[in-house]
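Student: You'll find my_file12.cif just under this line, and it carries mmCIF, C-alpha atoms and all ligand atoms.
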data_data
loop_
_atom_site.label_atom_id
_atom_site.label_comp_id
_atom_site.auth_asym_id
_atom_site.auth_seq_id
_atom_site.Cartn_x
_atom_site.Cartn_y
_atom_site.Cartn_z
CA MET U 1 185.73 13.33 157.90
CA GLY U 2 185.38 14.36 161.49
CA LEU U 3 185.79 18.08 161.20
CA PHE U 4 184.52 19.68 164.33
CA LYS U 5 181.70 21.79 163.01
CA PHE U 6 179.98 22.98 166.13
CA SER U 7 178.95 26.55 165.60
CA ASP U 8 178.59 27.73 169.15
CA SER U 9 179.67 24.96 171.46
CA SER U 10 183.25 26.11 171.73
CA ARG U 11 181.93 29.26 173.30
CA ASN U 12 179.55 27.40 175.55
CA PRO U 13 181.45 25.55 178.28
CA LEU U 14 178.41 23.63 179.53
CA LYS U 15 177.64 22.28 176.10
CA ASN U 16 181.26 21.32 175.64
CA LEU U 17 181.25 19.39 178.87
CA GLU U 18 178.02 17.57 178.04
CA LEU U 19 179.36 16.75 174.66
CA ARG U 20 182.58 15.37 176.05
CA SER U 21 180.81 13.09 178.49
CA LEU U 22 178.39 11.94 175.83
CA LEU U 23 181.25 11.07 173.51
CA SER U 24 183.23 9.23 176.11
CA GLU U 25 180.16 7.31 177.21
CA PHE U 26 179.47 6.37 173.59
CA ASN U 27 183.06 5.30 173.14
CA ARG U 28 183.08 3.20 176.32
CA SER U 29 179.91 1.42 175.27
CA LEU U 30 181.53 0.38 172.00
CA THR U 31 185.00 -0.67 173.02
CA LEU U 32 183.80 -3.70 174.94
CA ILE U 33 181.96 -5.26 172.03
CA ALA U 34 184.06 -7.44 169.76
CA ASP U 35 181.22 -9.12 167.91
CA LYS U 36 180.53 -7.18 164.73
CA LYS U 37 176.78 -7.77 164.56
CA LEU U 38 176.24 -6.83 168.19
CA LEU U 39 178.43 -3.79 167.79
CA ILE U 40 176.52 -2.53 164.76
CA ASP U 41 173.18 -3.02 166.54
CA ASN U 42 174.55 -1.19 169.52
CA ILE U 43 175.81 1.73 167.45
CA ILE U 44 172.45 2.02 165.73
CA SER U 45 170.42 1.99 168.92
CA ARG U 46 172.74 4.48 170.64
CA ILE U 47 172.60 6.85 167.71
CA LYS U 48 168.82 6.68 167.89
CA GLN U 49 168.99 7.62 171.56
CA ILE U 50 171.22 10.58 170.90
CA VAL U 51 169.60 11.95 167.75
CA PRO U 52 165.88 11.43 167.14
CA VAL U 53 166.10 9.58 163.83
CA GLU U 54 163.64 7.08 162.40
CA GLN U 55 165.98 4.61 160.75
CA VAL U 56 169.71 4.09 160.74
CA TYR U 57 171.39 1.58 158.44
CA ILE U 58 175.07 0.72 158.39
CA PHE U 59 176.67 -0.61 155.22
CA LEU U 60 180.16 -2.13 155.31
CA PHE U 61 182.53 -3.34 152.64
CA ASN U 62 182.36 -7.10 152.20
CA GLU U 63 185.60 -8.65 150.95
CA SER U 64 184.06 -11.68 149.33
CA THR U 65 181.35 -9.91 147.37
CA GLY U 66 183.35 -6.73 146.75
CA ARG U 67 180.30 -4.65 147.68
CA TYR U 68 179.04 -2.45 150.49
CA VAL U 69 176.27 -4.45 152.16
CA PRO U 70 173.94 -3.78 155.11
CA GLU U 71 175.16 -5.21 158.43
CA GLY U 72 173.68 -6.05 161.82
CA ASN U 73 170.27 -7.38 162.74
CA PHE U 74 168.17 -4.41 161.71
CA LEU U 75 168.42 -4.72 157.96
CA PRO U 76 166.66 -2.56 155.38
CA PRO U 77 163.71 -4.14 153.56
CA LEU U 78 164.51 -5.98 150.33
CA LEU U 79 164.24 -4.11 147.06
CA ASP U 80 162.64 -6.24 144.31
CA GLY U 81 163.34 -9.28 146.44
CA ARG U 82 167.03 -8.52 146.79
CA SER U 83 169.17 -7.13 149.51
CA ILE U 84 170.39 -3.58 148.80
CA TYR U 85 174.06 -2.96 148.14
CA PHE U 86 176.41 -0.31 146.78
CA THR U 87 179.57 -0.77 144.79
CA PRO U 88 182.95 0.85 145.45
CA GLY U 89 183.11 1.96 141.80
CA GLY U 90 179.64 3.53 142.04
CA ARG U 91 179.18 7.28 142.16
CA LEU U 92 177.83 7.50 145.71
CA PHE U 93 180.80 5.84 147.34
CA ASN U 94 183.08 7.66 145.00
CA TRP U 95 181.65 10.93 146.21
CA LEU U 96 181.93 9.90 149.87
CA SER U 97 185.49 8.76 149.45
CA VAL U 98 186.60 11.92 147.66
CA ASN U 99 184.71 14.37 149.87
CA GLU U 100 185.21 12.59 153.20
CA SER U 101 182.21 14.40 154.62
CA GLU U 102 178.54 13.86 155.24
CA LEU U 103 176.04 14.10 152.42
CA TYR U 104 172.82 15.86 153.37
CA VAL U 105 170.73 14.74 150.47
CA ILE U 106 168.15 17.52 150.69
CA ASP U 107 170.80 20.22 150.54
CA ARG U 108 172.69 18.75 147.64
CA PRO U 109 170.59 18.46 144.46
CA ASP U 110 173.86 18.78 142.54
CA VAL U 111 175.19 15.58 144.09
CA LEU U 112 171.88 13.83 143.57
CA ASP U 113 172.09 14.73 139.90
CA TYR U 114 175.52 13.18 139.74
CA LEU U 115 174.38 9.82 141.21
CA GLU U 116 173.32 6.90 139.05
CA PRO U 117 169.58 6.10 138.71
CA ILE U 118 170.03 2.76 140.48
CA GLU U 119 171.65 4.58 143.40
CA HIS U 120 168.70 6.97 143.52
CA ALA U 121 166.33 4.04 143.70
CA ARG U 122 168.34 2.52 146.54
CA LEU U 123 168.54 5.77 148.49
CA ASP U 124 164.78 6.28 148.06
CA HIS U 125 164.21 2.78 149.29
CA LEU U 126 166.37 3.39 152.37
CA ARG U 127 164.60 6.77 152.75
CA ALA U 128 168.06 8.16 153.32
CA GLU U 129 168.34 11.85 154.11
CA LEU U 130 171.78 12.01 155.60
CA ILE U 131 174.77 9.82 154.75
CA TYR U 132 178.06 9.57 156.64
CA PRO U 133 181.18 7.86 155.38
CA LEU U 134 182.84 5.42 157.76
CA SER U 135 186.56 5.60 157.22
CA VAL U 136 189.65 4.62 159.10
CA MET U 137 193.03 5.93 157.97
CA ASN U 138 191.70 7.28 154.70
CA GLU U 139 190.10 4.01 153.77
CA LEU U 140 186.37 4.04 153.18
CA ASN U 141 185.02 0.98 155.00
CA GLY U 142 181.35 1.79 154.75
CA ALA U 143 178.65 4.35 155.30
CA VAL U 144 175.77 5.16 157.62
CA PHE U 145 172.38 6.04 156.17
CA LEU U 146 170.02 8.06 158.32
CA SER U 147 166.40 8.66 157.41
CA LYS U 148 164.36 11.64 158.53
CA ARG U 149 164.16 12.82 162.12
CA THR U 150 161.23 11.51 164.15
CA ASP U 151 160.22 15.10 164.92
CA ASN U 152 160.15 15.83 161.17
CA GLY U 153 162.62 18.63 161.69
CA SER U 154 165.62 19.11 159.49
CA TYR U 155 169.10 18.19 160.61
CA SER U 156 170.99 21.09 162.09
CA LYS U 157 174.62 22.06 161.99
CA ASP U 158 174.90 20.78 165.54
CA ASP U 159 173.58 17.39 164.45
CA PHE U 160 176.14 17.24 161.67
CA GLY U 161 179.02 17.96 164.01
CA LEU U 162 177.88 15.55 166.68
CA LEU U 163 177.15 12.72 164.26
CA SER U 164 180.46 13.22 162.58
CA LEU U 165 182.27 12.76 165.90
CA LEU U 166 180.18 9.74 166.83
CA PHE U 167 180.72 8.03 163.48
CA ASP U 168 184.45 8.65 163.63
CA GLN U 169 184.52 6.65 166.83
CA ALA U 170 182.10 4.07 165.48
CA ALA U 171 184.34 3.53 162.44
CA PHE U 172 187.28 2.66 164.70
CA ALA U 173 185.22 0.28 166.80
CA ILE U 174 183.92 -1.44 163.67
CA GLU U 175 187.42 -1.78 162.23
CA HIS U 176 188.51 -3.37 165.49
CA SER U 177 185.63 -5.85 165.45
CA ILE U 178 186.42 -6.79 161.84
CA LEU U 179 190.04 -7.51 162.75
CA HIS U 180 188.83 -9.56 165.69
CA GLU U 181 186.50 -11.54 163.44
CA GLN U 182 189.29 -12.25 160.97
CA GLN U 183 191.53 -13.43 163.77
CA ARG U 184 188.83 -15.77 165.06
CA GLU U 185 188.30 -17.19 161.58
CA ARG U 186 192.00 -17.89 161.24
CA VAL U 187 192.02 -19.79 164.52
CA THR U 188 188.95 -21.85 163.55
CA LYS U 189 190.60 -22.76 160.26
CA MET U 190 193.77 -23.77 162.01
CA TYR U 191 191.84 -26.12 164.27
CA ARG U 192 189.91 -27.49 161.33
CA ALA U 193 193.08 -28.29 159.42
CA ASP U 194 194.67 -29.91 162.46
CA ARG U 195 191.70 -32.11 163.18
CA LEU U 196 191.59 -33.24 159.58
CA ALA U 197 195.27 -34.12 159.55
CA VAL U 198 195.15 -36.26 162.71
CA LEU U 199 191.97 -37.96 161.67
CA GLY U 200 193.36 -38.62 158.23
CA GLU U 201 196.29 -40.58 159.60
CA LEU U 202 194.08 -42.72 161.82
CA ALA U 203 191.50 -43.29 159.15
CA ALA U 204 193.96 -44.39 156.51
CA GLY U 205 195.31 -47.16 158.73
CA ALA U 206 191.89 -48.43 159.71
CA ALA U 207 190.45 -48.24 156.21
CA HIS U 208 193.16 -50.45 154.77
CA GLU U 209 192.68 -53.07 157.46
CA ILE U 210 188.93 -53.20 156.94
CA ARG U 211 188.97 -53.29 153.19
CA ASN U 212 190.59 -56.69 152.76
CA PRO U 213 188.17 -58.76 154.89
CA LEU U 214 185.34 -56.78 153.37
CA THR U 215 186.30 -57.82 149.88
CA ALA U 216 186.31 -61.44 151.05
CA ILE U 217 182.87 -61.10 152.62
CA ARG U 218 181.42 -59.57 149.49
CA SER U 219 182.66 -62.23 147.12
CA THR U 220 181.55 -65.04 149.45
CA ILE U 221 178.04 -63.67 149.69
CA GLN U 222 177.89 -63.15 145.99
CA TYR U 223 178.91 -66.75 145.53
CA LEU U 224 176.24 -67.97 148.00
CA SER U 225 173.51 -65.91 146.44
CA ARG U 226 174.03 -67.66 143.12
CA ASP U 227 173.02 -70.98 144.71
CA THR U 228 169.88 -69.98 146.45
CA SER U 229 166.51 -70.32 144.79
CA ASP U 230 164.59 -69.09 147.84
CA PRO U 231 163.48 -65.51 146.97
CA VAL U 232 163.45 -64.39 150.62
CA ARG U 233 167.01 -65.51 151.20
CA SER U 234 168.08 -64.10 147.90
CA GLU U 235 166.67 -60.72 148.85
CA MET U 236 168.42 -60.83 152.22
CA LEU U 237 171.73 -61.57 150.57
CA THR U 238 171.28 -58.77 148.09
CA GLU U 239 170.66 -56.46 151.00
CA VAL U 240 173.84 -57.60 152.73
CA ILE U 241 175.80 -56.93 149.55
CA SER U 242 174.39 -53.43 149.28
CA GLU U 243 175.36 -52.79 152.91
CA VAL U 244 178.87 -54.03 152.22
CA ASP U 245 179.01 -51.69 149.25
CA ARG U 246 177.99 -48.87 151.51
CA ILE U 247 180.80 -49.62 153.93
CA ASN U 248 183.14 -49.73 150.99
CA LYS U 249 181.97 -46.32 149.85
CA ILE U 250 182.70 -44.90 153.28
CA LEU U 251 186.15 -46.46 153.27
CA GLN U 252 186.91 -45.12 149.84
CA GLY U 253 185.90 -41.68 151.02
CA LEU U 254 188.10 -42.05 154.08
CA LEU U 255 191.06 -43.09 152.01
CA SER U 256 190.78 -40.30 149.49
CA PHE U 257 190.46 -37.88 152.35
CA ALA U 258 193.37 -39.32 154.30
CA ARG U 259 195.71 -40.12 151.42
CA PRO U 260 194.86 -37.50 148.90
CA GLY U 261 197.92 -38.39 146.84
CA ASP U 262 200.10 -35.82 145.19
CA LEU U 263 198.51 -33.16 143.12
CA ASN U 264 198.57 -34.03 139.47
CA VAL U 265 198.97 -30.50 138.21
CA THR U 266 198.01 -29.36 134.74
CA THR U 267 196.83 -26.02 133.44
CA PHE U 268 193.29 -26.29 132.22
CA ASN U 269 190.20 -24.26 131.43
CA PHE U 270 188.01 -24.27 134.54
CA GLU U 271 185.00 -23.31 132.46
CA GLU U 272 185.29 -26.61 130.59
CA LEU U 273 185.59 -28.54 133.83
CA LEU U 274 182.49 -26.79 135.15
CA SER U 275 180.44 -27.64 132.08
CA GLN U 276 181.64 -31.27 132.23
CA VAL U 277 180.46 -31.53 135.80
CA ILE U 278 177.15 -29.90 134.96
CA THR U 279 176.64 -32.47 132.20
CA LEU U 280 177.34 -35.19 134.75
CA ILE U 281 174.72 -34.00 137.20
CA ASN U 282 172.18 -33.07 134.54
CA PRO U 283 170.16 -36.31 134.72
CA THR U 284 169.63 -35.81 138.48
CA VAL U 285 168.82 -32.14 137.91
CA LYS U 286 166.15 -33.07 135.37
CA LYS U 287 164.77 -35.90 137.47
CA ASN U 288 164.32 -33.61 140.48
CA ASN U 289 162.80 -30.75 138.46
CA VAL U 290 165.55 -28.38 139.43
CA ASN U 291 166.10 -25.15 137.47
CA LEU U 292 169.78 -24.99 136.86
CA GLU U 293 171.36 -21.75 135.77
CA SER U 294 175.03 -21.27 135.12
CA VAL U 295 176.68 -17.90 134.72
CA VAL U 296 180.28 -17.97 133.64
CA ASP U 297 181.84 -14.56 133.46
CA ALA U 298 185.56 -15.12 133.75
CA GLN U 299 187.98 -13.33 131.44
CA ASN U 300 190.67 -15.69 132.56
CA PRO U 301 189.23 -19.16 133.27
CA PHE U 302 192.63 -20.89 133.32
CA PHE U 303 193.83 -22.63 136.42
CA SER U 304 196.80 -24.77 137.36
CA GLY U 305 195.83 -27.61 139.62
CA ASP U 306 194.62 -31.18 139.92
CA LYS U 307 191.68 -31.39 137.57
CA ASP U 308 190.36 -34.73 138.83
CA GLN U 309 190.41 -33.64 142.45
CA LEU U 310 188.76 -30.33 141.64
CA ARG U 311 186.11 -32.18 139.63
CA GLN U 312 185.36 -34.14 142.78
CA VAL U 313 185.01 -30.91 144.77
CA LEU U 314 182.49 -29.50 142.31
CA LEU U 315 180.57 -32.76 142.17
CA ASN U 316 180.37 -33.11 145.96
CA ILE U 317 179.18 -29.57 146.43
CA LEU U 318 176.62 -29.79 143.63
CA MET U 319 175.32 -33.13 144.88
CA ASN U 320 174.91 -31.64 148.36
CA SER U 321 172.84 -28.85 146.84
CA LEU U 322 170.65 -31.33 145.00
CA ASP U 323 170.21 -33.30 148.25
CA ALA U 324 169.32 -30.10 150.09
CA MET U 325 166.62 -29.28 147.57
CA ALA U 326 165.20 -32.78 147.68
CA ASN U 327 165.12 -32.44 151.48
CA ASN U 328 163.16 -29.22 151.44
CA PRO U 329 159.48 -29.81 150.73
CA GLU U 330 158.84 -26.07 151.07
CA ASP U 331 161.14 -25.41 148.16
CA ARG U 332 158.88 -25.03 145.16
CA GLU U 333 161.35 -22.85 143.38
CA LYS U 334 164.19 -25.40 143.23
CA ARG U 335 166.86 -23.10 141.91
CA LEU U 336 170.45 -24.13 141.51
CA MET U 337 172.84 -21.49 140.33
CA VAL U 338 176.46 -22.06 139.43
CA SER U 339 178.61 -19.06 138.69
CA MET U 340 182.24 -18.41 138.04
CA LYS U 341 184.17 -15.16 137.87
CA ASN U 342 187.59 -13.59 138.32
CA VAL U 343 188.04 -11.65 141.51
CA PHE U 344 190.97 -9.60 142.74
CA THR U 345 191.50 -9.31 146.49
CA GLY U 346 194.14 -8.17 148.90
CA SER U 347 196.86 -5.65 148.37
CA PRO U 348 198.77 -6.20 146.24
CA ALA U 349 195.75 -7.65 144.46
CA ILE U 350 195.84 -11.41 143.86
CA PRO U 351 193.71 -12.91 141.08
CA TYR U 352 191.22 -15.54 142.22
CA LEU U 353 188.74 -17.77 140.47
CA ASP U 354 185.54 -17.71 142.47
CA ILE U 355 183.09 -20.51 141.85
CA ALA U 356 179.78 -20.13 143.64
CA VAL U 357 177.11 -22.80 143.98
CA THR U 358 173.83 -21.45 145.32
CA ASP U 359 170.76 -23.53 146.00
CA SER U 360 167.27 -22.85 147.31
CA GLY U 361 167.37 -25.94 149.51
CA CYS U 362 166.87 -26.62 153.21
CA GLY U 363 169.79 -24.44 154.35
CA ILE U 364 172.03 -25.07 157.35
CA SER U 365 171.25 -24.08 160.91
CA ASN U 366 173.65 -21.75 162.75
CA GLU U 367 174.48 -24.58 165.07
CA ASN U 368 175.49 -26.95 162.25
CA ILE U 369 177.34 -24.51 160.07
CA GLU U 370 180.48 -24.86 162.19
CA LYS U 371 180.39 -28.63 161.83
CA ILE U 372 179.78 -29.32 158.17
CA PHE U 373 183.48 -29.62 157.33
CA ASN U 374 184.06 -32.12 160.11
CA PRO U 375 184.60 -35.63 158.85
CA PHE U 376 181.54 -37.82 159.53
CA PHE U 377 179.24 -34.92 160.22
CA THR U 378 176.06 -35.63 158.30
CA THR U 379 172.36 -34.91 158.65
CA LYS U 380 171.41 -37.47 156.00
CA SER U 381 170.37 -41.03 156.76
CA GLU U 382 172.50 -42.28 153.87
CA GLY U 383 175.27 -39.72 154.19
CA THR U 384 178.90 -40.41 154.98
CA GLY U 385 179.72 -36.90 156.16
CA LEU U 386 183.00 -37.05 154.27
CA GLY U 387 182.13 -35.02 151.17
CA LEU U 388 182.89 -31.57 152.50
CA ALA U 389 185.87 -32.71 154.57
CA ILE U 390 187.39 -34.04 151.36
CA CYS U 391 186.46 -30.90 149.43
CA TYR U 392 188.04 -28.69 152.03
CA GLY U 393 191.26 -30.71 152.01
CA ILE U 394 191.50 -30.50 148.22
CA VAL U 395 190.78 -26.79 148.07
CA ARG U 396 193.32 -26.09 150.85
CA ARG U 397 195.93 -28.02 148.91
CA HIS U 398 195.28 -25.56 146.10
CA ASP U 399 195.82 -22.69 148.58
CA GLY U 400 192.15 -21.84 148.30
CA ASP U 401 189.23 -21.62 150.65
CA ILE U 402 185.54 -22.47 150.84
CA GLU U 403 183.10 -19.92 152.17
CA VAL U 404 179.61 -20.90 153.30
CA ILE U 405 176.65 -18.58 153.51
CA SER U 406 173.48 -20.29 154.63
CA HIS U 407 170.30 -19.80 156.60
CA LYS U 408 167.98 -22.49 157.84
CA ASP U 409 165.17 -23.02 155.31
CA ASN U 410 166.60 -20.37 153.07
CA GLY U 411 169.14 -21.96 150.80
CA THR U 412 172.90 -22.17 150.79
CA SER U 413 175.79 -20.62 148.91
CA MET U 414 179.16 -22.34 148.79
CA ILE U 415 181.86 -20.20 147.29
CA ILE U 416 185.16 -21.78 146.31
CA HIS U 417 187.99 -19.24 146.18
CA LEU U 418 191.01 -20.45 144.22
CA PRO U 419 194.12 -18.26 143.82
CA GLN U 420 195.29 -18.30 140.21
CA ASN U 421 198.83 -17.03 140.46
CA VAL U 422 200.30 -19.82 142.57
CA THR U 423 202.93 -21.89 140.79
CA ARG U 424 202.30 -25.53 141.59
CA THR U 425 204.26 -28.58 140.74
CA SER U 426 203.07 -32.17 140.74
N1 LIG L 501 173.98 -27.20 150.05
C1 LIG L 501 173.68 -27.64 151.30
N2 LIG L 501 172.51 -27.33 151.87
C2 LIG L 501 172.18 -27.77 153.11
N3 LIG L 501 172.99 -28.51 153.87
C3 LIG L 501 174.19 -28.86 153.37
C4 LIG L 501 174.60 -28.44 152.06
N4 LIG L 501 175.85 -28.91 151.86
C5 LIG L 501 176.19 -29.60 152.98
N5 LIG L 501 175.20 -29.57 153.89
C6 LIG L 501 175.21 -30.18 155.23
O1 LIG L 501 176.52 -30.61 155.52
C7 LIG L 501 176.51 -32.00 155.86
C8 LIG L 501 177.85 -32.61 155.46
O2 LIG L 501 177.98 -32.68 154.06
P1 LIG L 501 178.98 -33.72 153.43
O3 LIG L 501 180.30 -33.61 154.11
O4 LIG L 501 178.96 -33.58 151.95
O5 LIG L 501 178.38 -35.11 153.88
P2 LIG L 501 177.03 -35.86 153.39
O6 LIG L 501 176.60 -35.24 152.10
O7 LIG L 501 177.47 -37.26 153.22
O8 LIG L 501 176.05 -35.68 154.49
C9 LIG L 501 175.29 -32.53 155.16
O9 LIG L 501 174.81 -33.71 155.77
C10 LIG L 501 174.31 -31.39 155.30
O10 LIG L 501 173.73 -31.38 156.57
MG MG L 502 177.88 -34.75 150.53
#
Since I need it in another form, could you write the structure as structure tokens?
Tutor:
Amino acid sequence: MGLFKFSDSSRNPLKNLELRSLLSEFNRSLTLIADKKLLIDNIISRIKQIVPVEQVYIFLFNESTGRYVPEGNFLPPLLDGRSIYFTPGGRLFNWLSVNESELYVIDRPDVLDYLEPIEHARLDHLRAELIYPLSVMNELNGAVFLSKRTDNGSYSKDDFGLLSLLFDQAAFAIEHSILHEQQRERVTKMYRADRLAVLGELAAGAAHEIRNPLTAIRSTIQYLSRDTSDPVRSEMLTEVISEVDRINKILQGLLSFARPGDLNVTTFNFEELLSQVITLINPTVKKNNVNLESVVDAQNPFFSGDKDQLRQVLLNILMNSLDAMANNPEDREKRLMVSMKNVFTGSPAIPYLDIAVTDSGCGISNENIEKIFNPFFTTKSEGTGLGLAICYGIVRRHDGDIEVISHKDNGTSMIIHLPQNVTRTS
């Protein structure tokens, strides 16, 4: 893309000059923005200033979903309740990647004929008239969808040339912001791992010290409660015992988080593990009137790792989802979806098992989302705040990762990515 298509500007020095200053101004305004969302919004509003267009949407490739999805704050309306996306294997992106040029929908009935019906529906919904590929170094990272001009005119050759230059620059700025985002994520993860390691050491020492006297307290109280016939006292003692049990639960959590023990590695069918765990939580699911759906679509469900520890990860994450739905009175839908599939990412491509748990619960605020993996972070009165810290530790020890997508009041998705081709030993 990026062919200079101006018909007359090369012969018109004034126009050339204006164009050059417009481009460099556009470029300057983008280079200072590292935040992807802000950058996208900025590109969209600047394009609207330069060319009178009603709507501009930018779709970018998303590594974790393997799809092109809308980005920024000005998102297209949902289609049948779902966010619009395109797939890299689909005909539209195929066309864009092969042709490396804009697609003016009105002028190209032949291309429209070639597209799939679902793509037609999506383009109609976006009211897209003109589509530009966003590529850097021959790699198609996304596309820009422009609707009709506000003056109802048709796009001219000049528009095509100008937009093509602008989007070439935009593609570079976006690529830069994506790299920046990845770098920032790596740093956050490094800090997270560090904090967990230091805390783990401290916690393990303390937990051991506390456990012994606690066991003594519990058995003494149990002994005393046998002798009392006074119902008030008896109730008080029972309460003390349940508090002691609570402390014990916290300590157990601390210990398993601090001293995870070696991995007991076997090769097992993850699908079976998943259905075991679902059977375990089923009574709570039924009791809370939750609609549970599980979609397993993995050609290769086999995984080498510590089955017991991974069972704990699944259980913790599912229990959190059930808690989140119980904590959301607005949630009449109560949907819990568990899915598993094989995914290939990176180059060379590495096979991953992706297990996603999605709930329609209370969601997580932007402010809290950074904290949920911190040990002791909890928003529940009875919570320990250790569940996700433990999960993260276990998944990291399997060279995997946990991704969180959540919006306050709008449900949560936790996606566990586990690489399948790592050779592990006990
Ligand atoms: N599915 C979810 N939906 C909403 N919030 C969640 C979800 N999972 C985790 N959280 C938030 O993360 C916090 C930490 O979770 P966790 O480490 O398991 O500790 P706990 O469950 O004991 O609170 C929870 O208190 C809750 O605020
Ligand atoms: Mg929990």
Student: Considering all atoms listed in the file, can you say which of U:Leu32, U:Val53, U:Val111, U:Cys391 comes closest to U:Gly153?
Tutor: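 The shortest atom-to-atom distance to U:Gly153 comes from U:Val53.
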Student: Smallest atom-to-atom distance to ligand LIG 501 (chain L): which of U:Glu271, U:Asp227, U:Glu293, U:Asp409, using all atoms listed in the file?
Tutor: U:Asp409
Student: Sorted by chain and rising residue number, which residues of stretch 196-298 of chain U lie within 9 Å of stretch 352-375 of chain U, and what are their closest atom pairs and distances in Å to one decimal, counting all atoms listed in the file, as a tab-separated table?
Tutor:
residue	atom	partner	partner_atom	distance
U:Leu196	CA	U:Pro375	CA	7.4
U:Leu199	CA	U:Pro375	CA	8.2
U:Leu254	CA	U:Pro375	CA	8.7
U:Phe270	CA	U:Leu353	CA	8.8
U:Ala298	CA	U:Leu353	CA	7.9
Student: For U:Tyr104, work out the shell of residues within 9 Å, counting only C-alpha atoms and skipping chain neighbours fewer than 3 positions away, then give it as a VMD selection string.
Tutor: chain U and resid 107 to 108 129 to 132 155
Student: Kindly compile the residues surrounding ligand LIG 501 (chain L) within 6 Å, counting all atoms listed in the file, and format them as an mmCIF file with C-alpha atoms, in the coordinates of the input.
Tutor:
data_model
loop_
_atom_site.group_PDB
_atom_site.id
_atom_site.type_symbol
_atom_site.label_atom_id
_atom_site.label_comp_id
_atom_site.auth_asym_id
_atom_site.auth_seq_id
_atom_site.Cartn_x
_atom_site.Cartn_y
_atom_site.Cartn_z
ATOM 1 C CA ASN U 320 174.910 -31.640 148.360
ATOM 2 C CA SER U 321 172.840 -28.850 146.840
ATOM 3 C CA ALA U 324 169.320 -30.100 150.090
ATOM 4 C CA GLY U 361 167.370 -25.940 149.510
ATOM 5 C CA CYS U 362 166.870 -26.620 153.210
ATOM 6 C CA GLY U 363 169.790 -24.440 154.350
ATOM 7 C CA ILE U 364 172.030 -25.070 157.350
ATOM 8 C CA ILE U 372 179.780 -29.320 158.170
ATOM 9 C CA PHE U 377 179.240 -34.920 160.220
ATOM 10 C CA THR U 378 176.060 -35.630 158.300
ATOM 11 C CA THR U 379 172.360 -34.910 158.650
ATOM 12 C CA LYS U 380 171.410 -37.470 156.000
ATOM 13 C CA GLY U 383 175.270 -39.720 154.190
ATOM 14 C CA THR U 384 178.900 -40.410 154.980
ATOM 15 C CA GLY U 385 179.720 -36.900 156.160
ATOM 16 C CA LEU U 386 183.000 -37.050 154.270
ATOM 17 C CA GLY U 387 182.130 -35.020 151.170
ATOM 18 C CA LEU U 388 182.890 -31.570 152.500
ATOM 19 C CA ALA U 389 185.870 -32.710 154.570
ATOM 20 C CA THR U 412 172.900 -22.170 150.790
#
